[in-house]
>>> print(open('entry30.json').read())   # JSON, C-alpha atoms
[["chain", "number", "residue", "atom", "x", "y", "z"],
["F", 1, "MET", "CA", 171.11, 104.50, 140.13],
["F", 2, "ASN", "CA", 169.23, 107.79, 140.24],
["F", 3, "LEU", "CA", 167.82, 109.52, 137.17],
["F", 4, "LYS", "CA", 170.86, 111.74, 136.72],
["F", 5, "GLU", "CA", 173.18, 108.72, 136.68],
["F", 6, "ALA", "CA", 170.77, 106.90, 134.37],
["F", 7, "PHE", "CA", 170.90, 109.74, 131.84],
["F", 8, "ARG", "CA", 174.68, 109.62, 131.89],
["F", 9, "TYR", "CA", 174.68, 105.84, 131.46],
["F", 10, "GLN", "CA", 172.18, 106.17, 128.62],
["F", 11, "ASN", "CA", 174.50, 108.63, 126.85],
["F", 12, "ARG", "CA", 177.43, 106.24, 127.34],
["F", 13, "LEU", "CA", 175.48, 103.39, 125.77],
["F", 14, "GLN", "CA", 174.72, 105.63, 122.81],
["F", 15, "SER", "CA", 178.37, 106.65, 122.35],
["F", 16, "LEU", "CA", 179.44, 102.98, 122.45],
["F", 17, "MET", "CA", 176.84, 102.16, 119.81],
["F", 18, "ASP", "CA", 178.21, 104.98, 117.67],
["F", 19, "GLU", "CA", 181.73, 103.54, 117.95],
["F", 20, "ALA", "CA", 180.52, 100.06, 117.01],
["F", 21, "ARG", "CA", 178.60, 101.45, 114.02],
["F", 22, "THR", "CA", 181.70, 103.29, 112.86],
["F", 23, "ILE", "CA", 183.62, 100.00, 112.82],
["F", 24, "LEU", "CA", 180.86, 98.27, 110.85],
["F", 25, "ASN", "CA", 180.39, 101.21, 108.46],
["F", 26, "THR", "CA", 184.06, 101.09, 107.45],
["F", 27, "GLU", "CA", 184.27, 98.82, 104.41],
["F", 28, "ASP", "CA", 187.91, 97.90, 105.03],
["F", 29, "ASN", "CA", 186.88, 96.42, 108.38],
["F", 30, "VAL", "CA", 184.18, 94.15, 106.99],
["F", 31, "THR", "CA", 185.99, 92.95, 103.88],
["F", 32, "VAL", "CA", 189.36, 91.30, 103.20],
["F", 33, "GLN", "CA", 191.43, 92.96, 100.52],
["F", 34, "LYS", "CA", 194.03, 90.67, 98.94],
["F", 35, "VAL", "CA", 196.44, 92.53, 96.69],
["F", 36, "THR", "CA", 198.71, 90.70, 94.21],
["F", 37, "VAL", "CA", 201.57, 92.46, 92.45],
["F", 38, "MET", "CA", 201.76, 90.71, 89.05],
["F", 39, "LYS", "CA", 205.55, 90.74, 88.70],
["F", 40, "LYS", "CA", 205.55, 87.83, 86.25],
["F", 41, "GLN", "CA", 203.98, 90.12, 83.63],
["F", 42, "VAL", "CA", 207.20, 92.05, 83.33],
["F", 43, "MET", "CA", 209.73, 89.64, 84.87],
["F", 44, "PRO", "CA", 209.07, 86.00, 83.84],
["F", 45, "ASP", "CA", 211.56, 84.68, 86.37],
["F", 46, "ALA", "CA", 210.00, 86.58, 89.28],
["F", 47, "GLU", "CA", 207.22, 85.41, 91.56],
["F", 48, "ASN", "CA", 203.99, 87.35, 91.99],
["F", 49, "GLU", "CA", 203.77, 88.99, 95.41],
["F", 50, "THR", "CA", 200.53, 88.67, 97.38],
["F", 51, "ARG", "CA", 199.69, 90.51, 100.58],
["F", 52, "ILE", "CA", 196.61, 91.19, 102.68],
["F", 53, "GLN", "CA", 195.78, 94.87, 103.00],
["F", 54, "GLU", "CA", 196.02, 96.28, 106.53],
["F", 55, "VAL", "CA", 192.73, 97.05, 108.27],
["F", 56, "PRO", "CA", 191.96, 100.25, 110.24],
["F", 57, "SER", "CA", 190.47, 98.54, 113.31],
["F", 58, "GLN", "CA", 191.68, 95.86, 115.69],
["F", 59, "TYR", "CA", 188.15, 94.43, 115.54],
["F", 60, "ALA", "CA", 188.26, 93.70, 111.81],
["F", 61, "ASP", "CA", 188.80, 89.99, 112.51],
["F", 62, "ARG", "CA", 185.95, 89.96, 115.07],
["F", 63, "ILE", "CA", 183.17, 91.53, 113.01],
["F", 64, "ASN", "CA", 180.56, 88.94, 113.94],
["F", 65, "ASP", "CA", 181.21, 89.71, 117.60],
["F", 66, "VAL", "CA", 180.98, 93.45, 116.94],
["F", 67, "VAL", "CA", 177.57, 92.94, 115.31],
["F", 68, "GLY", "CA", 176.42, 91.01, 118.37],
["F", 69, "PHE", "CA", 177.94, 93.68, 120.64],
["F", 70, "LEU", "CA", 176.00, 96.43, 118.86],
["F", 71, "VAL", "CA", 172.72, 94.54, 119.19],
["F", 72, "TRP", "CA", 173.50, 93.88, 122.87],
["F", 73, "LEU", "CA", 174.13, 97.58, 123.47],
["F", 74, "LEU", "CA", 170.85, 98.40, 121.76],
["F", 75, "SER", "CA", 169.03, 95.92, 123.99],
["F", 76, "GLU", "CA", 170.57, 97.48, 127.11],
["F", 77, "HIS", "CA", 169.70, 100.94, 125.82],
["F", 78, "GLU", "CA", 166.10, 99.83, 125.36],
["F", 79, "LYS", "CA", 165.91, 98.34, 128.88],
["F", 80, "LEU", "CA", 167.34, 101.49, 130.45],
["F", 81, "THR", "CA", 165.09, 103.78, 128.39],
["F", 82, "GLN", "CA", 162.01, 101.85, 129.52],
["F", 83, "SER", "CA", 163.12, 102.02, 133.16],
["F", 84, "ILE", "CA", 163.74, 105.76, 132.87],
["F", 85, "ARG", "CA", 160.29, 106.20, 131.37],
["F", 86, "ARG", "CA", 158.66, 104.33, 134.26],
["F", 87, "THR", "CA", 160.50, 106.51, 136.77],
["F", 88, "LYS", "CA", 159.54, 109.70, 134.91],
["F", 89, "ASN", "CA", 155.89, 108.64, 134.80],
["F", 90, "ALA", "CA", 155.89, 108.48, 138.60],
["F", 91, "LEU", "CA", 157.18, 112.05, 138.97],
["F", 92, "LYS", "CA", 154.97, 114.95, 140.02],
["F", 93, "ILE", "CA", 156.22, 116.98, 137.05],
["F", 94, "ASP", "CA", 156.50, 116.27, 133.34],
["F", 95, "MET", "CA", 160.30, 116.33, 133.22],
["F", 96, "ASP", "CA", 160.68, 116.25, 129.43],
["F", 97, "GLY", "CA", 157.99, 118.87, 128.96],
["F", 98, "GLU", "CA", 159.44, 121.18, 131.60],
["F", 99, "ILE", "CA", 162.96, 120.85, 130.18],
["F", 100, "SER", "CA", 161.63, 121.92, 126.79],
["F", 101, "LEU", "CA", 159.62, 124.78, 128.28],
["F", 102, "ASN", "CA", 162.61, 125.94, 130.32],
["F", 103, "ARG", "CA", 164.67, 126.15, 127.16],
["F", 104, "GLN", "CA", 162.00, 128.42, 125.69],
["F", 105, "ARG", "CA", 161.86, 130.54, 128.85],
["F", 106, "GLN", "CA", 165.62, 131.05, 128.76],
["F", 107, "GLU", "CA", 165.65, 131.91, 125.06],
["F", 108, "ILE", "CA", 162.83, 134.44, 125.46],
["F", 109, "ALA", "CA", 164.47, 135.97, 128.53],
["F", 110, "SER", "CA", 167.68, 136.36, 126.52],
["F", 111, "VAL", "CA", 165.81, 138.22, 123.77],
["F", 112, "LEU", "CA", 164.18, 140.53, 126.33],
["F", 113, "ARG", "CA", 167.50, 141.20, 128.08],
["F", 114, "GLY", "CA", 168.93, 142.19, 124.71],
["F", 115, "MET", "CA", 166.07, 144.65, 124.23],
["F", 116, "THR", "CA", 166.66, 146.31, 127.61],
["F", 117, "ALA", "CA", 170.27, 146.93, 126.63],
["F", 118, "LEU", "CA", 169.15, 149.27, 123.85],
["F", 119, "ARG", "CA", 169.26, 153.02, 124.51],
["F", 120, "ASN", "CA", 167.91, 156.16, 122.85],
["F", 121, "SER", "CA", 170.66, 157.72, 120.79],
["F", 122, "GLU", "CA", 171.46, 160.36, 118.24],
["F", 123, "ARG", "CA", 174.48, 160.40, 115.95],
["F", 124, "THR", "CA", 175.73, 162.02, 112.81],
["F", 125, "VAL", "CA", 177.09, 159.94, 109.95],
["F", 126, "ILE", "CA", 179.58, 162.06, 108.04],
["F", 127, "GLY", "CA", 178.90, 161.75, 104.33],
["F", 128, "GLY", "CA", 176.11, 159.26, 104.95],
["F", 129, "GLY", "CA", 173.52, 161.08, 102.85],
["F", 130, "ARG", "CA", 173.70, 160.65, 99.08],
["F", 131, "GLY", "CA", 171.39, 161.47, 96.22],
["F", 132, "TYR", "CA", 170.92, 163.40, 92.98],
["F", 133, "ARG", "CA", 170.12, 167.05, 92.26],
["F", 134, "PHE", "CA", 170.06, 169.42, 89.29],
["F", 135, "ASN", "CA", 172.81, 172.02, 89.15],
["F", 136, "ALA", "CA", 172.51, 175.59, 87.80],
["F", 137, "GLU", "CA", 172.96, 174.34, 84.24],
["F", 138, "GLY", "CA", 170.09, 171.85, 84.65],
["F", 139, "ASN", "CA", 172.32, 168.82, 84.71],
["F", 140, "GLN", "CA", 171.69, 165.97, 87.16],
["F", 141, "VAL", "CA", 174.62, 165.51, 89.55],
["F", 142, "THR", "CA", 175.22, 163.53, 92.69],
["F", 143, "TYR", "CA", 175.49, 165.13, 96.09],
["F", 144, "VAL", "CA", 176.90, 164.02, 99.44],
["F", 145, "CYS", "CA", 175.84, 165.35, 102.82],
["F", 146, "ASP", "CA", 175.87, 164.33, 106.45],
["F", 147, "LEU", "CA", 173.13, 162.08, 107.83],
["F", 148, "GLN", "CA", 171.60, 162.45, 111.27],
["F", 149, "LYS", "CA", 170.34, 159.21, 112.79],
["F", 150, "VAL", "CA", 168.02, 159.30, 115.82],
["F", 151, "THR", "CA", 167.17, 156.00, 117.54],
["F", 152, "THR", "CA", 164.28, 155.84, 120.01],
["F", 153, "ILE", "CA", 163.09, 152.68, 121.76],
["F", 154, "ASN", "CA", 159.39, 152.02, 121.21],
["F", 155, "PHE", "CA", 158.65, 149.71, 124.13],
["F", 156, "ASP", "CA", 158.20, 149.85, 127.91],
["F", 157, "ARG", "CA", 161.71, 149.10, 129.18],
["F", 158, "LYS", "CA", 160.54, 148.49, 132.77],
["F", 159, "MET", "CA", 157.85, 146.03, 131.68],
["F", 160, "VAL", "CA", 160.28, 144.14, 129.43],
["F", 161, "ARG", "CA", 162.93, 144.02, 132.17],
["F", 162, "ASN", "CA", 160.42, 142.74, 134.75],
["F", 163, "THR", "CA", 159.13, 140.12, 132.30],
["F", 164, "ALA", "CA", 162.67, 138.86, 131.67],
["F", 165, "ALA", "CA", 163.36, 138.70, 135.39],
["F", 166, "GLU", "CA", 160.15, 136.74, 136.03],
["F", 167, "LEU", "CA", 160.98, 134.26, 133.26],
["F", 168, "GLU", "CA", 164.45, 133.78, 134.73],
["F", 169, "ARG", "CA", 163.05, 133.23, 138.23],
["F", 170, "ARG", "CA", 160.58, 130.69, 136.86],
["F", 171, "SER", "CA", 163.34, 128.96, 134.89],
["F", 172, "ASP", "CA", 165.57, 128.73, 137.96],
["F", 173, "ALA", "CA", 162.77, 127.27, 140.08],
["F", 174, "VAL", "CA", 161.91, 124.67, 137.45],
["F", 175, "SER", "CA", 165.60, 123.78, 136.98],
["F", 176, "GLN", "CA", 165.90, 123.17, 140.72],
["F", 177, "ALA", "CA", 162.80, 120.95, 140.68],
["F", 178, "ILE", "CA", 164.19, 118.98, 137.74],
["F", 179, "ASP", "CA", 167.56, 118.55, 139.48],
["F", 180, "GLU", "CA", 165.83, 117.32, 142.64],
["F", 181, "CYS", "CA", 163.85, 114.78, 140.63],
["F", 182, "ALA", "CA", 167.00, 113.61, 138.83],
["F", 183, "ILE", "CA", 168.87, 113.09, 142.10],
["F", 184, "ASN", "CA", 166.13, 111.78, 144.39],
["F", 185, "HIS", "CA", 164.35, 109.27, 142.14],
["F", 186, "GLN", "CA", 165.81, 105.84, 141.40],
["F", 187, "VAL", "CA", 165.82, 103.90, 138.14],
["F", 188, "ASP", "CA", 165.45, 100.12, 138.26],
["F", 189, "TYR", "CA", 168.35, 99.00, 136.09],
["F", 190, "ASN", "CA", 171.34, 96.72, 136.64],
["F", 191, "CYS", "CA", 174.55, 98.31, 135.34],
["F", 192, "LEU", "CA", 176.72, 95.75, 133.54],
["F", 193, "PHE", "CA", 179.79, 97.98, 133.29],
["F", 194, "ASP", "CA", 181.15, 101.21, 134.71],
["F", 195, "VAL", "CA", 180.10, 104.35, 132.87],
["F", 196, "ASN", "CA", 183.78, 105.33, 132.56],
["F", 197, "ASP", "CA", 184.85, 102.05, 130.94],
["F", 198, "GLY", "CA", 186.29, 102.28, 127.45],
["F", 199, "PHE", "CA", 185.06, 100.46, 124.32],
["F", 200, "ASP", "CA", 187.55, 97.60, 124.77],
["F", 201, "GLU", "CA", 186.52, 97.02, 128.38],
["F", 202, "VAL", "CA", 182.80, 97.01, 127.63],
["F", 203, "PHE", "CA", 183.35, 94.72, 124.64],
["F", 204, "GLU", "CA", 185.04, 92.21, 126.93],
["F", 205, "VAL", "CA", 182.10, 92.46, 129.37],
["F", 206, "TYR", "CA", 179.85, 91.53, 126.45],
["F", 207, "MET", "CA", 182.07, 88.60, 125.50],
["F", 208, "GLU", "CA", 181.92, 87.32, 129.08],
["F", 209, "GLN", "CA", 178.12, 87.68, 129.07],
["F", 210, "LYS", "CA", 178.03, 85.79, 125.78],
["F", 211, "LYS", "CA", 179.87, 82.85, 127.30]]
>>> encode(input="entry30.json", output="structure tokens")
Amino acid sequence: MNLKEAFRYQNRLQSLMDEARTILNTEDNVTVQKVTVMKKQVMPDAENETRIQEVPSQYADRINDVVGFLVWLLSEHEKLTQSIRRTKNALKIDMDGEISLNRQRQEIASVLRGMTALRNSERTVIGGGRGYRFNAEGNQVTYVCDLQKVTTINFDRKMVRNTAAELERRSDAVSQAIDECAINHQVDYNCLFDVNDGFDEVFEVYMEQKK
């Protein structure tokens, strides 16, 4: 598989681990609840009624296997992660570093694009001015007047626009290089199931491996 496929497979392993953990983290799955209705307390001739509480997962009676399945998934995740690391180390670029830097480039470019959208403006806010004054009798009273608001940009719009454009060009070029690496470089890993298989299907693959 290439790097792109390996990343997808890695994410699938993680989601399967999350599902297995959810089963094991649910107390009703890992315990047996026996409930007895003590009818004899109120009706001496009646029999107490005992039932086993229903469980939320079909795997509740296979918990030991689910534990083993989770550890198996973790082992496969570790193998794949190590193989991905070896492939990345052979690349001409630091993929993880460039992905992080590209995120920063895009965020900064977005800020700069927002700045270039600003315009000089002037507007009047009716009744926006308020304060206190003394009237003819010397008493302090409030007053209301219009407010004029003038907005002027205090930066070089052309420089900011050009900087944003350059960051975007750099980001696009790096993204293309990352995509090429992800597609053209292979990861040494043997897939044990299809990435689209569901939890039940992968669990059965594990059970077959266990045999």
>>> residues_around(input="entry30.json", residues="Leu24 in chain F", least_positions_apart="5", cutoff="9 Å", atoms="all atoms listed in the file", output="ChimeraX atom specification")
/F:19,29-30,60,63,66-67
>>> write_last_selection(input="entry30.json", atoms="C-alpha atoms", output="CSV table (one decimal), keeping the file's coordinate frame")
chain,number,residue,atom,x,y,z
F,19,GLU,CA,181.7,103.5,118.0
F,29,ASN,CA,186.9,96.4,108.4
F,30,VAL,CA,184.2,94.2,107.0
F,60,ALA,CA,188.3,93.7,111.8
F,63,ILE,CA,183.2,91.5,113.0
F,66,VAL,CA,181.0,93.4,116.9
F,67,VAL,CA,177.6,92.9,115.3
>>> closest_residue(input="entry30.json", among="F:His77, F:Asn102, F:Asn25, F:Glu49", to="Ala177 in chain F", atoms="only C-alpha atoms")
F:Asn102
>>> closest_residue(input="entry30.json", among="F:His185, F:Lys158, F:Lys210, F:Lys34", to="Gly68 in chain F", atoms="only C-alpha atoms")
F:Lys210
>>> residues_around(input="entry30.json", residues="Val111 in chain F", least_positions_apart="2", cutoff="12 Å", atoms="only C-alpha atoms", output="PDB file with C-alpha atoms, in the coordinates of the input")
ATOM      1  CA  GLN F 104     162.000 128.420 125.690  1.00  0.00           C
ATOM      2  CA  ARG F 105     161.860 130.540 128.850  1.00  0.00           C
ATOM      3  CA  GLN F 106     165.620 131.050 128.760  1.00  0.00           C
ATOM      4  CA  GLU F 107     165.650 131.910 125.060  1.00  0.00           C
ATOM      5  CA  ILE F 108     162.830 134.440 125.460  1.00  0.00           C
ATOM      6  CA  ALA F 109     164.470 135.970 128.530  1.00  0.00           C
ATOM      7  CA  ARG F 113     167.500 141.200 128.080  1.00  0.00           C
ATOM      8  CA  GLY F 114     168.930 142.190 124.710  1.00  0.00           C
ATOM      9  CA  MET F 115     166.070 144.650 124.230  1.00  0.00           C
ATOM     10  CA  THR F 116     166.660 146.310 127.610  1.00  0.00           C
ATOM     11  CA  ALA F 117     170.270 146.930 126.630  1.00  0.00           C
ATOM     12  CA  LEU F 118     169.150 149.270 123.850  1.00  0.00           C
ATOM     13  CA  VAL F 160     160.280 144.140 129.430  1.00  0.00           C
ATOM     14  CA  ARG F 161     162.930 144.020 132.170  1.00  0.00           C
ATOM     15  CA  THR F 163     159.130 140.120 132.300  1.00  0.00           C
ATOM     16  CA  ALA F 164     162.670 138.860 131.670  1.00  0.00           C
ATOM     17  CA  ALA F 165     163.360 138.700 135.390  1.00  0.00           C
ATOM     18  CA  LEU F 167     160.980 134.260 133.260  1.00  0.00           C
ATOM     19  CA  GLU F 168     164.450 133.780 134.730  1.00  0.00           C
TER      20      GLU F 168
END
>>> residues_around(input="entry30.json", residues="Lys79 in chain F", least_positions_apart="5", cutoff="9 Å", atoms="all atoms listed in the file", output="PDB file with C-alpha atoms, in the frame of the given file")
ATOM      1  CA  LEU F  74     170.850  98.400 121.760  1.00  0.00           C
ATOM      2  CA  ILE F  84     163.740 105.760 132.870  1.00  0.00           C
ATOM      3  CA  TYR F 189     168.350  99.000 136.090  1.00  0.00           C
TER       4      TYR F 189
END
>>> decode(input="entry30.json", residues="range 18-122 of chain F", atoms="C-alpha atoms", output="mmCIF file, in the first residue's frame")
data_model
loop_
_atom_site.group_PDB
_atom_site.id
_atom_site.type_symbol
_atom_site.label_atom_id
_atom_site.label_comp_id
_atom_site.auth_asym_id
_atom_site.auth_seq_id
_atom_site.Cartn_x
_atom_site.Cartn_y
_atom_site.Cartn_z
ATOM 1 C CA ASP F 18 -12.384 2.832 19.849
ATOM 2 C CA GLU F 19 -15.339 0.505 19.238
ATOM 3 C CA ALA F 20 -13.704 -2.302 21.207
ATOM 4 C CA ARG F 21 -12.920 0.065 24.087
ATOM 5 C CA THR F 22 -16.522 1.234 24.144
ATOM 6 C CA ILE F 23 -17.668 -2.374 24.598
ATOM 7 C CA LEU F 24 -15.185 -2.934 27.425
ATOM 8 C CA ASN F 25 -15.941 0.426 29.080
ATOM 9 C CA THR F 26 -19.644 -0.445 29.353
ATOM 10 C CA GLU F 27 -20.121 -2.088 32.745
ATOM 11 C CA ASP F 28 -23.217 -4.011 31.669
ATOM 12 C CA ASN F 29 -21.101 -5.776 29.040
ATOM 13 C CA VAL F 30 -18.423 -6.974 31.440
ATOM 14 C CA THR F 31 -20.657 -7.992 34.325
ATOM 15 C CA VAL F 32 -23.665 -10.299 34.715
ATOM 16 C CA GLN F 33 -26.644 -8.751 36.455
ATOM 17 C CA LYS F 34 -29.018 -11.301 38.004
ATOM 18 C CA VAL F 35 -32.235 -9.735 39.226
ATOM 19 C CA THR F 36 -34.617 -11.584 41.569
ATOM 20 C CA VAL F 37 -38.132 -10.329 42.263
ATOM 21 C CA MET F 38 -38.788 -11.400 45.881
ATOM 22 C CA LYS F 39 -42.466 -12.273 45.466
ATOM 23 C CA LYS F 40 -42.465 -14.577 48.496
ATOM 24 C CA GLN F 41 -42.103 -11.510 50.738
ATOM 25 C CA VAL F 42 -45.630 -10.452 49.930
ATOM 26 C CA MET F 43 -47.136 -13.683 48.549
ATOM 27 C CA PRO F 44 -46.018 -16.773 50.540
ATOM 28 C CA ASP F 45 -47.463 -19.137 47.959
ATOM 29 C CA ALA F 46 -45.663 -17.472 45.040
ATOM 30 C CA GLU F 47 -42.231 -18.293 43.703
ATOM 31 C CA ASN F 48 -39.469 -15.713 43.456
ATOM 32 C CA GLU F 49 -38.750 -14.738 39.852
ATOM 33 C CA THR F 50 -35.138 -14.571 38.693
ATOM 34 C CA ARG F 51 -33.929 -13.213 35.373
ATOM 35 C CA ILE F 52 -30.634 -12.172 33.814
ATOM 36 C CA GLN F 53 -30.541 -8.529 32.783
ATOM 37 C CA GLU F 54 -30.188 -7.919 29.047
ATOM 38 C CA VAL F 55 -26.804 -6.661 27.849
ATOM 39 C CA PRO F 56 -26.249 -3.802 25.358
ATOM 40 C CA SER F 57 -23.720 -5.612 23.141
ATOM 41 C CA GLN F 58 -23.722 -8.911 21.290
ATOM 42 C CA TYR F 59 -20.122 -9.334 22.468
ATOM 43 C CA ALA F 60 -20.993 -9.351 26.168
ATOM 44 C CA ASP F 61 -20.568 -13.138 26.293
ATOM 45 C CA ARG F 62 -17.229 -12.912 24.425
ATOM 46 C CA ILE F 63 -15.435 -10.319 26.546
ATOM 47 C CA ASN F 64 -12.187 -12.280 26.794
ATOM 48 C CA ASP F 65 -12.061 -12.406 23.011
ATOM 49 C CA VAL F 66 -12.784 -8.671 22.777
ATOM 50 C CA VAL F 67 -9.860 -7.973 25.112
ATOM 51 C CA GLY F 68 -7.613 -10.083 22.899
ATOM 52 C CA PHE F 69 -9.035 -8.370 19.803
ATOM 53 C CA LEU F 70 -8.219 -4.929 21.210
ATOM 54 C CA VAL F 71 -4.642 -5.934 21.988
ATOM 55 C CA TRP F 72 -4.328 -7.453 18.498
ATOM 56 C CA LEU F 73 -5.540 -4.223 16.914
ATOM 57 C CA LEU F 74 -3.033 -2.277 18.988
ATOM 58 C CA SER F 75 -0.250 -4.582 17.823
ATOM 59 C CA GLU F 76 -1.257 -4.085 14.174
ATOM 60 C CA HIS F 77 -1.474 -0.331 14.736
ATOM 61 C CA GLU F 78 2.054 -0.373 16.153
ATOM 62 C CA LYS F 79 3.416 -2.394 13.200
ATOM 63 C CA LEU F 80 1.797 -0.073 10.673
ATOM 64 C CA THR F 81 2.941 3.060 12.512
ATOM 65 C CA GLN F 82 6.533 1.816 12.509
ATOM 66 C CA SER F 83 6.350 1.007 8.797
ATOM 67 C CA ILE F 84 4.909 4.448 8.046
ATOM 68 C CA ARG F 85 7.714 6.036 10.038
ATOM 69 C CA ARG F 86 10.363 4.137 8.061
ATOM 70 C CA THR F 87 8.786 5.266 4.794
ATOM 71 C CA LYS F 88 8.577 8.882 5.982
ATOM 72 C CA ASN F 89 12.218 8.840 7.048
ATOM 73 C CA ALA F 90 13.194 7.979 3.478
ATOM 74 C CA LEU F 91 11.320 10.957 2.012
ATOM 75 C CA LYS F 92 13.067 14.079 0.751
ATOM 76 C CA ILE F 93 10.733 16.240 2.835
ATOM 77 C CA ASP F 94 9.696 16.183 6.479
ATOM 78 C CA MET F 95 6.055 15.288 5.833
ATOM 79 C CA ASP F 96 4.771 15.827 9.383
ATOM 80 C CA GLY F 97 6.658 19.094 9.731
ATOM 81 C CA GLU F 98 5.460 20.414 6.373
ATOM 82 C CA ILE F 99 1.840 19.461 7.118
ATOM 83 C CA SER F 100 2.044 21.451 10.346
ATOM 84 C CA LEU F 101 3.722 24.400 8.629
ATOM 85 C CA ASN F 102 1.156 24.344 5.827
ATOM 86 C CA ARG F 103 -1.622 24.604 8.375
ATOM 87 C CA GLN F 104 0.066 27.720 9.745
ATOM 88 C CA ARG F 105 0.539 29.177 6.258
ATOM 89 C CA GLN F 106 -3.142 28.707 5.488
ATOM 90 C CA GLU F 107 -4.271 30.211 8.796
ATOM 91 C CA ILE F 108 -2.030 33.259 8.358
ATOM 92 C CA ALA F 109 -3.136 33.717 4.746
ATOM 93 C CA SER F 110 -6.752 33.629 5.936
ATOM 94 C CA VAL F 111 -6.048 36.394 8.465
ATOM 95 C CA LEU F 112 -4.359 38.524 5.796
ATOM 96 C CA ARG F 113 -7.199 37.974 3.325
ATOM 97 C CA GLY F 114 -9.595 39.173 6.005
ATOM 98 C CA MET F 115 -7.524 42.337 6.433
ATOM 99 C CA THR F 116 -7.583 43.124 2.706
ATOM 100 C CA ALA F 117 -11.373 42.963 2.776
ATOM 101 C CA LEU F 118 -11.487 45.999 5.076
ATOM 102 C CA ARG F 119 -12.211 49.397 3.526
ATOM 103 C CA ASN F 120 -11.994 53.029 4.605
ATOM 104 C CA SER F 121 -15.438 54.185 5.649
ATOM 105 C CA GLU F 122 -17.372 56.962 7.281
#
